[in-house]
Amino acid sequence: MNAVPSAATAGHTAATAAPLPVIAVTMGDGAGIGPEVIVPALLHPDTLRDCRPVVVGDAERLRQAAGVLGITCEIVPVDTPAQAEFTPGRVNVIDLGLLPADLPWGELSAVAGDAAYHYVRVAAELAMRGEVDGICTAPLNKEALHAAGHLYPGHTELLAHLTGVEEVSMMLSTPRVKVIHVTTHIGLIDAVNRIEPGLVERTVRRGHEAMVRAGTTDPVIGVCGINPHAGENGLFGYGEEETKIVPALETVRADGIDARGPLPADTAFYLASRGDYDLIVAMYHDQGHGPVKVLGIEAGVNLTVGLPVIRTSVDHGTAFDIAGTGRAEAGSMVEALRQAAEMSTAPVAR
């Protein structure tokens, strides 16, 4: 007769004594699809195999999402991650109780934007205290966040502020291509002005470290140029590749990092998708996001690299148009949780 794992042993394997990482899962904008992707993702057998997830959000909204989906499960409030029990059919939540019970699905709301901010704030505090090993975020709505008075471009900048980090990088990961960005949420002219050898070098190093942590021992990194055809030996632009990118590549190569370029962006992603590169370094937001969303948004994961704790997220938005309908797909959240567990610092026993 097979014994059923007890709550005390859940999150451990028989083969090792090491506990699985504890991942704080922020609920995102409660008017969007965050609650609807979190519930099935946390109940997925792969999730409990990979990590010990604890939602930071609103218990009642998660119950409403379970009802919309026709899922029967326990939504259990806990005060701390240490109180959580990890058994099939149970979702643990640090319940902040910030949303009204009648919050409409799919409508912009400053109340939901404010709540989304506080979910991230609490998760960051848990991470800084060492109570969780990683953070996985459901999508927030930037307009709702701003309407609540929290003027951050997105999760990346918000988490950097909350954890006291001056500089982080956004990485997008799909089964076919991975990309890290030198600049993200700024205008194109500002992005070109901001790019300089030090920033490029630090971005390449963060990308290299993330790939090694994820199990790619010697990643091959392709670095995009700024101009069409990577400047084509001075025919396009004003020598930005030679002044802003090449010095950084020379420095990281001297330390044994296999970084190649500057590459024409219009071919770099094709080469990466067929396996020539493990990681692409994009110089600005759309240079990286456009190809990724063509090559694999369905299974895409957004990572913030350079924080004291790993942060992953689904690579889709709040999808107000389908929120509350039960049509949201949870596969990207399952993958985001898997990658959060994979890339989190090995936890200590709790």
# chains A, B, ... in the order shown; residues from 1 in each chain; ligands from 1

call {"tool": "residues_around", "arguments": {"residues": "Glu342 (chain A)", "least_positions_apart": "4", "cutoff": "10 Å", "atoms": "only C-alpha atoms", "output": "PyMOL selection string"}}
result
chain A and resi 20-21+50-51+134+213-215+310+336-338+346

call {"tool": "residues_around", "arguments": {"residues": "region 218-222 of chain A", "least_positions_apart": "2", "cutoff": "12 Å", "atoms": "only C-alpha atoms", "output": "VMD selection string"}}
result
chain A and resid 177 to 181 203 to 216 224 to 225 245 249 252 to 253 256 to 265 267 to 273 275 to 283

call {"tool": "select_by_dssp", "arguments": {"residues": "region 6-239 of chain A", "states": "helix (DSSP H, G or I)", "output": "MDAnalysis selection string"}}
result
chainID A and resid 34:43 45:50 59:69 81:83 110:128 142:147 155:163 188:194 197:213 228:231

call {"tool": "select_by_dssp", "arguments": {"residues": "region 64-192 of chain A", "states": "strand (DSSP E)", "output": "ChimeraX atom specification"}}
result
/A:74-77,90-95,134-137,169-173,178-181

call {"tool": "residues_around", "arguments": {"residues": "Cys73 (chain A)", "least_positions_apart": "6", "cutoff": "8 Å", "atoms": "only C-alpha atoms", "output": "list in words"}}
result
Ala66, Gly89, Arg90 and Val91 of chain A

call {"tool": "closest_residue", "arguments": {"among": "A:Pro77, A:Pro40, A:Gly34, A:Gly70", "to": "Val54 (chain A)", "atoms": "only C-alpha atoms"}}
result
A:Pro77

call {"tool": "residues_around", "arguments": {"residues": "region 22-32 of chain A", "least_positions_apart": "6", "cutoff": "7 Å", "atoms": "only C-alpha atoms", "output": "ChimeraX atom specification"}}
result
/A:51-57,103-107,112-113,116,119-120,123,132-141,318-320,323

call {"tool": "write_last_selection", "arguments": {"atoms": "C-alpha atoms", "output": "compact mmCIF listing (two decimals), in the first residue's frame"}}
result
# COMPACT_ATOMS: atom_id res chain seq x y z
CA CYS A 51 8.37 24.13 -6.19
CA ARG A 52 6.33 25.18 -3.15
CA PRO A 53 4.13 28.06 -4.38
CA VAL A 54 2.40 30.58 -2.12
CA VAL A 55 0.12 33.22 -3.66
CA VAL A 56 0.30 36.81 -2.46
CA GLY A 57 -3.13 38.16 -3.31
CA LEU A 103 -14.90 43.97 -8.48
CA PRO A 104 -15.91 43.63 -12.17
CA TRP A 105 -13.84 41.38 -14.40
CA GLY A 106 -12.19 43.01 -17.38
CA GLU A 107 -12.50 46.66 -16.33
CA ALA A 112 -7.05 46.67 -8.60
CA GLY A 113 -3.94 48.61 -9.65
CA ALA A 116 -1.39 44.67 -7.63
CA TYR A 119 1.08 42.10 -3.87
CA VAL A 120 4.48 42.79 -5.43
CA ALA A 123 6.47 39.43 -2.21
CA VAL A 132 10.81 32.83 -0.31
CA ASP A 133 13.40 31.76 -2.87
CA GLY A 134 11.85 33.31 -5.96
CA ILE A 135 8.96 35.41 -7.23
CA CYS A 136 6.57 34.57 -10.08
CA THR A 137 4.24 37.37 -11.15
CA ALA A 138 0.85 37.32 -12.83
CA PRO A 139 0.32 40.30 -15.16
CA LEU A 140 -0.53 43.75 -13.90
CA ASN A 141 -2.05 46.58 -15.89
CA THR A 318 -4.06 41.07 -18.25
CA ALA A 319 -6.33 40.17 -21.21
CA PHE A 320 -9.29 42.18 -19.95
CA ALA A 323 -11.14 37.96 -18.01

call {"tool": "closest_residue", "arguments": {"among": "A:Gly300, A:Gly67, A:Gly198, A:Gly237", "to": "Met333 (chain A)", "atoms": "only C-alpha atoms"}}
result
A:Gly300

call {"tool": "residues_around", "arguments": {"residues": "region 158-164 of chain A", "least_positions_apart": "6", "cutoff": "12 Å", "atoms": "only C-alpha atoms", "output": "MDAnalysis selection string"}}
result
chainID A and resid 26 116:129 135:137 140 142 145:146 150:152 170 303:312

call {"tool": "write_last_selection", "arguments": {"atoms": "C-alpha atoms", "output": "PDB file, in the first residue's frame"}}
result
ATOM      1  CA  THR A  26       1.788  37.608  -7.022  1.00  0.00           C
ATOM      2  CA  ALA A 116      -1.394  44.669  -7.635  1.00  0.00           C
ATOM      3  CA  TYR A 117       1.313  47.013  -6.342  1.00  0.00           C
ATOM      4  CA  HIS A 118       0.933  45.736  -2.782  1.00  0.00           C
ATOM      5  CA  TYR A 119       1.076  42.095  -3.870  1.00  0.00           C
ATOM      6  CA  VAL A 120       4.476  42.791  -5.431  1.00  0.00           C
ATOM      7  CA  ARG A 121       5.604  44.844  -2.433  1.00  0.00           C
ATOM      8  CA  VAL A 122       4.815  42.046   0.013  1.00  0.00           C
ATOM      9  CA  ALA A 123       6.466  39.435  -2.208  1.00  0.00           C
ATOM     10  CA  ALA A 124       9.610  41.564  -2.417  1.00  0.00           C
ATOM     11  CA  GLU A 125       9.653  41.929   1.371  1.00  0.00           C
ATOM     12  CA  LEU A 126       9.318  38.162   1.773  1.00  0.00           C
ATOM     13  CA  ALA A 127      12.197  37.658  -0.639  1.00  0.00           C
ATOM     14  CA  MET A 128      14.430  40.189   1.091  1.00  0.00           C
ATOM     15  CA  ARG A 129      13.772  38.452   4.428  1.00  0.00           C
ATOM     16  CA  ILE A 135       8.961  35.414  -7.234  1.00  0.00           C
ATOM     17  CA  CYS A 136       6.572  34.575 -10.078  1.00  0.00           C
ATOM     18  CA  THR A 137       4.242  37.368 -11.152  1.00  0.00           C
ATOM     19  CA  LEU A 140      -0.531  43.754 -13.897  1.00  0.00           C
ATOM     20  CA  LYS A 142       0.241  49.603 -16.180  1.00  0.00           C
ATOM     21  CA  LEU A 145      -1.050  50.855 -11.611  1.00  0.00           C
ATOM     22  CA  HIS A 146      -0.541  54.492 -12.615  1.00  0.00           C
ATOM     23  CA  HIS A 150       2.317  53.953  -8.506  1.00  0.00           C
ATOM     24  CA  LEU A 151       4.277  55.427 -11.398  1.00  0.00           C
ATOM     25  CA  TYR A 152       6.471  52.556 -12.563  1.00  0.00           C
ATOM     26  CA  MET A 170      14.641  41.946 -18.726  1.00  0.00           C
ATOM     27  CA  LEU A 303      12.482  37.039 -16.274  1.00  0.00           C
ATOM     28  CA  THR A 304      14.054  39.902 -14.349  1.00  0.00           C
ATOM     29  CA  VAL A 305      17.792  39.287 -14.052  1.00  0.00           C
ATOM     30  CA  GLY A 306      20.000  41.103 -11.540  1.00  0.00           C
ATOM     31  CA  LEU A 307      17.644  41.225  -8.550  1.00  0.00           C
ATOM     32  CA  PRO A 308      18.603  39.640  -5.204  1.00  0.00           C
ATOM     33  CA  VAL A 309      15.957  37.024  -6.055  1.00  0.00           C
ATOM     34  CA  ILE A 310      14.895  35.540  -9.376  1.00  0.00           C
ATOM     35  CA  ARG A 311      11.621  36.829 -10.782  1.00  0.00           C
ATOM     36  CA  THR A 312       9.686  35.229 -13.607  1.00  0.00           C
TER      37      THR A 312
END

call {"tool": "decode", "arguments": {"residues": "region 144-156 of chain A", "atoms": "all heavy atoms", "output": "short mmCIF file (atom, residue, chain, number, x, y, z; two decimals), in the first residue's frame"}}
result
data_model
loop_
_atom_site.label_atom_id
_atom_site.label_comp_id
_atom_site.auth_asym_id
_atom_site.auth_seq_id
_atom_site.Cartn_x
_atom_site.Cartn_y
_atom_site.Cartn_z
N ALA A 144 -3.73 50.87 -14.82
CA ALA A 144 -4.35 50.76 -13.50
C ALA A 144 -3.34 51.06 -12.40
O ALA A 144 -3.67 51.71 -11.40
CB ALA A 144 -4.93 49.35 -13.32
N LEU A 145 -2.11 50.59 -12.58
CA LEU A 145 -1.05 50.85 -11.61
C LEU A 145 -0.83 52.35 -11.49
O LEU A 145 -0.73 52.90 -10.38
CB LEU A 145 0.24 50.15 -12.06
CG LEU A 145 1.43 50.18 -11.12
CD1 LEU A 145 1.19 49.29 -9.91
CD2 LEU A 145 2.70 49.72 -11.85
N HIS A 146 -0.76 53.05 -12.62
CA HIS A 146 -0.54 54.49 -12.62
C HIS A 146 -1.75 55.23 -12.05
O HIS A 146 -1.59 56.24 -11.35
CB HIS A 146 -0.24 54.97 -14.03
CG HIS A 146 1.09 54.51 -14.54
ND1 HIS A 146 1.60 54.88 -15.77
CD2 HIS A 146 2.02 53.69 -14.00
CE1 HIS A 146 2.78 54.31 -15.95
NE2 HIS A 146 3.04 53.58 -14.89
N ALA A 147 -2.95 54.73 -12.35
CA ALA A 147 -4.15 55.36 -11.82
C ALA A 147 -4.18 55.32 -10.29
O ALA A 147 -4.78 56.18 -9.64
CB ALA A 147 -5.40 54.68 -12.38
N ALA A 148 -3.50 54.32 -9.72
CA ALA A 148 -3.43 54.19 -8.27
C ALA A 148 -2.28 55.00 -7.68
O ALA A 148 -2.07 54.98 -6.45
CB ALA A 148 -3.27 52.72 -7.89
N GLY A 149 -1.53 55.70 -8.54
CA GLY A 149 -0.45 56.55 -8.06
C GLY A 149 0.90 55.88 -7.97
O GLY A 149 1.85 56.47 -7.44
N HIS A 150 1.04 54.67 -8.53
CA HIS A 150 2.32 53.95 -8.51
C HIS A 150 2.93 54.07 -9.90
O HIS A 150 2.60 53.31 -10.80
CB HIS A 150 2.10 52.50 -8.11
CG HIS A 150 1.36 52.34 -6.80
ND1 HIS A 150 1.89 52.77 -5.60
CD2 HIS A 150 0.12 51.84 -6.52
CE1 HIS A 150 1.02 52.51 -4.63
NE2 HIS A 150 -0.05 51.96 -5.16
N LEU A 151 3.82 55.04 -10.07
CA LEU A 151 4.28 55.43 -11.40
C LEU A 151 5.54 54.68 -11.79
O LEU A 151 6.64 55.24 -11.85
CB LEU A 151 4.49 56.95 -11.45
CG LEU A 151 3.27 57.78 -11.05
CD1 LEU A 151 3.57 59.27 -11.16
CD2 LEU A 151 2.05 57.42 -11.91
N TYR A 152 5.38 53.40 -12.09
CA TYR A 152 6.47 52.56 -12.56
C TYR A 152 6.10 52.03 -13.95
O TYR A 152 4.93 51.74 -14.22
CB TYR A 152 6.69 51.38 -11.62
CG TYR A 152 7.07 51.80 -10.22
CD1 TYR A 152 6.09 51.98 -9.25
CD2 TYR A 152 8.40 52.03 -9.87
CE1 TYR A 152 6.42 52.38 -7.96
CE2 TYR A 152 8.74 52.43 -8.59
CZ TYR A 152 7.75 52.60 -7.64
OH TYR A 152 8.09 53.01 -6.37
N PRO A 153 7.09 51.90 -14.84
CA PRO A 153 6.78 51.38 -16.19
C PRO A 153 6.29 49.94 -16.18
O PRO A 153 5.60 49.51 -17.11
CB PRO A 153 8.12 51.50 -16.92
CG PRO A 153 8.88 52.53 -16.16
CD PRO A 153 8.47 52.37 -14.73
N GLY A 154 6.65 49.16 -15.16
CA GLY A 154 6.24 47.76 -15.11
C GLY A 154 6.87 47.04 -13.94
O GLY A 154 7.50 47.65 -13.06
N HIS A 155 6.69 45.71 -13.93
CA HIS A 155 7.23 44.89 -12.86
C HIS A 155 8.74 45.06 -12.69
O HIS A 155 9.25 45.09 -11.57
CB HIS A 155 6.96 43.40 -13.16
CG HIS A 155 5.64 42.91 -12.66
ND1 HIS A 155 4.66 42.44 -13.50
CD2 HIS A 155 5.15 42.78 -11.40
CE1 HIS A 155 3.61 42.05 -12.78
NE2 HIS A 155 3.89 42.25 -11.50
N THR A 156 9.46 45.12 -13.80
CA THR A 156 10.92 45.14 -13.74
C THR A 156 11.42 46.31 -12.91
O THR A 156 12.20 46.14 -11.96
CB THR A 156 11.51 45.22 -15.17
OG1 THR A 156 11.05 44.09 -15.92
CG2 THR A 156 13.02 45.21 -15.14
#
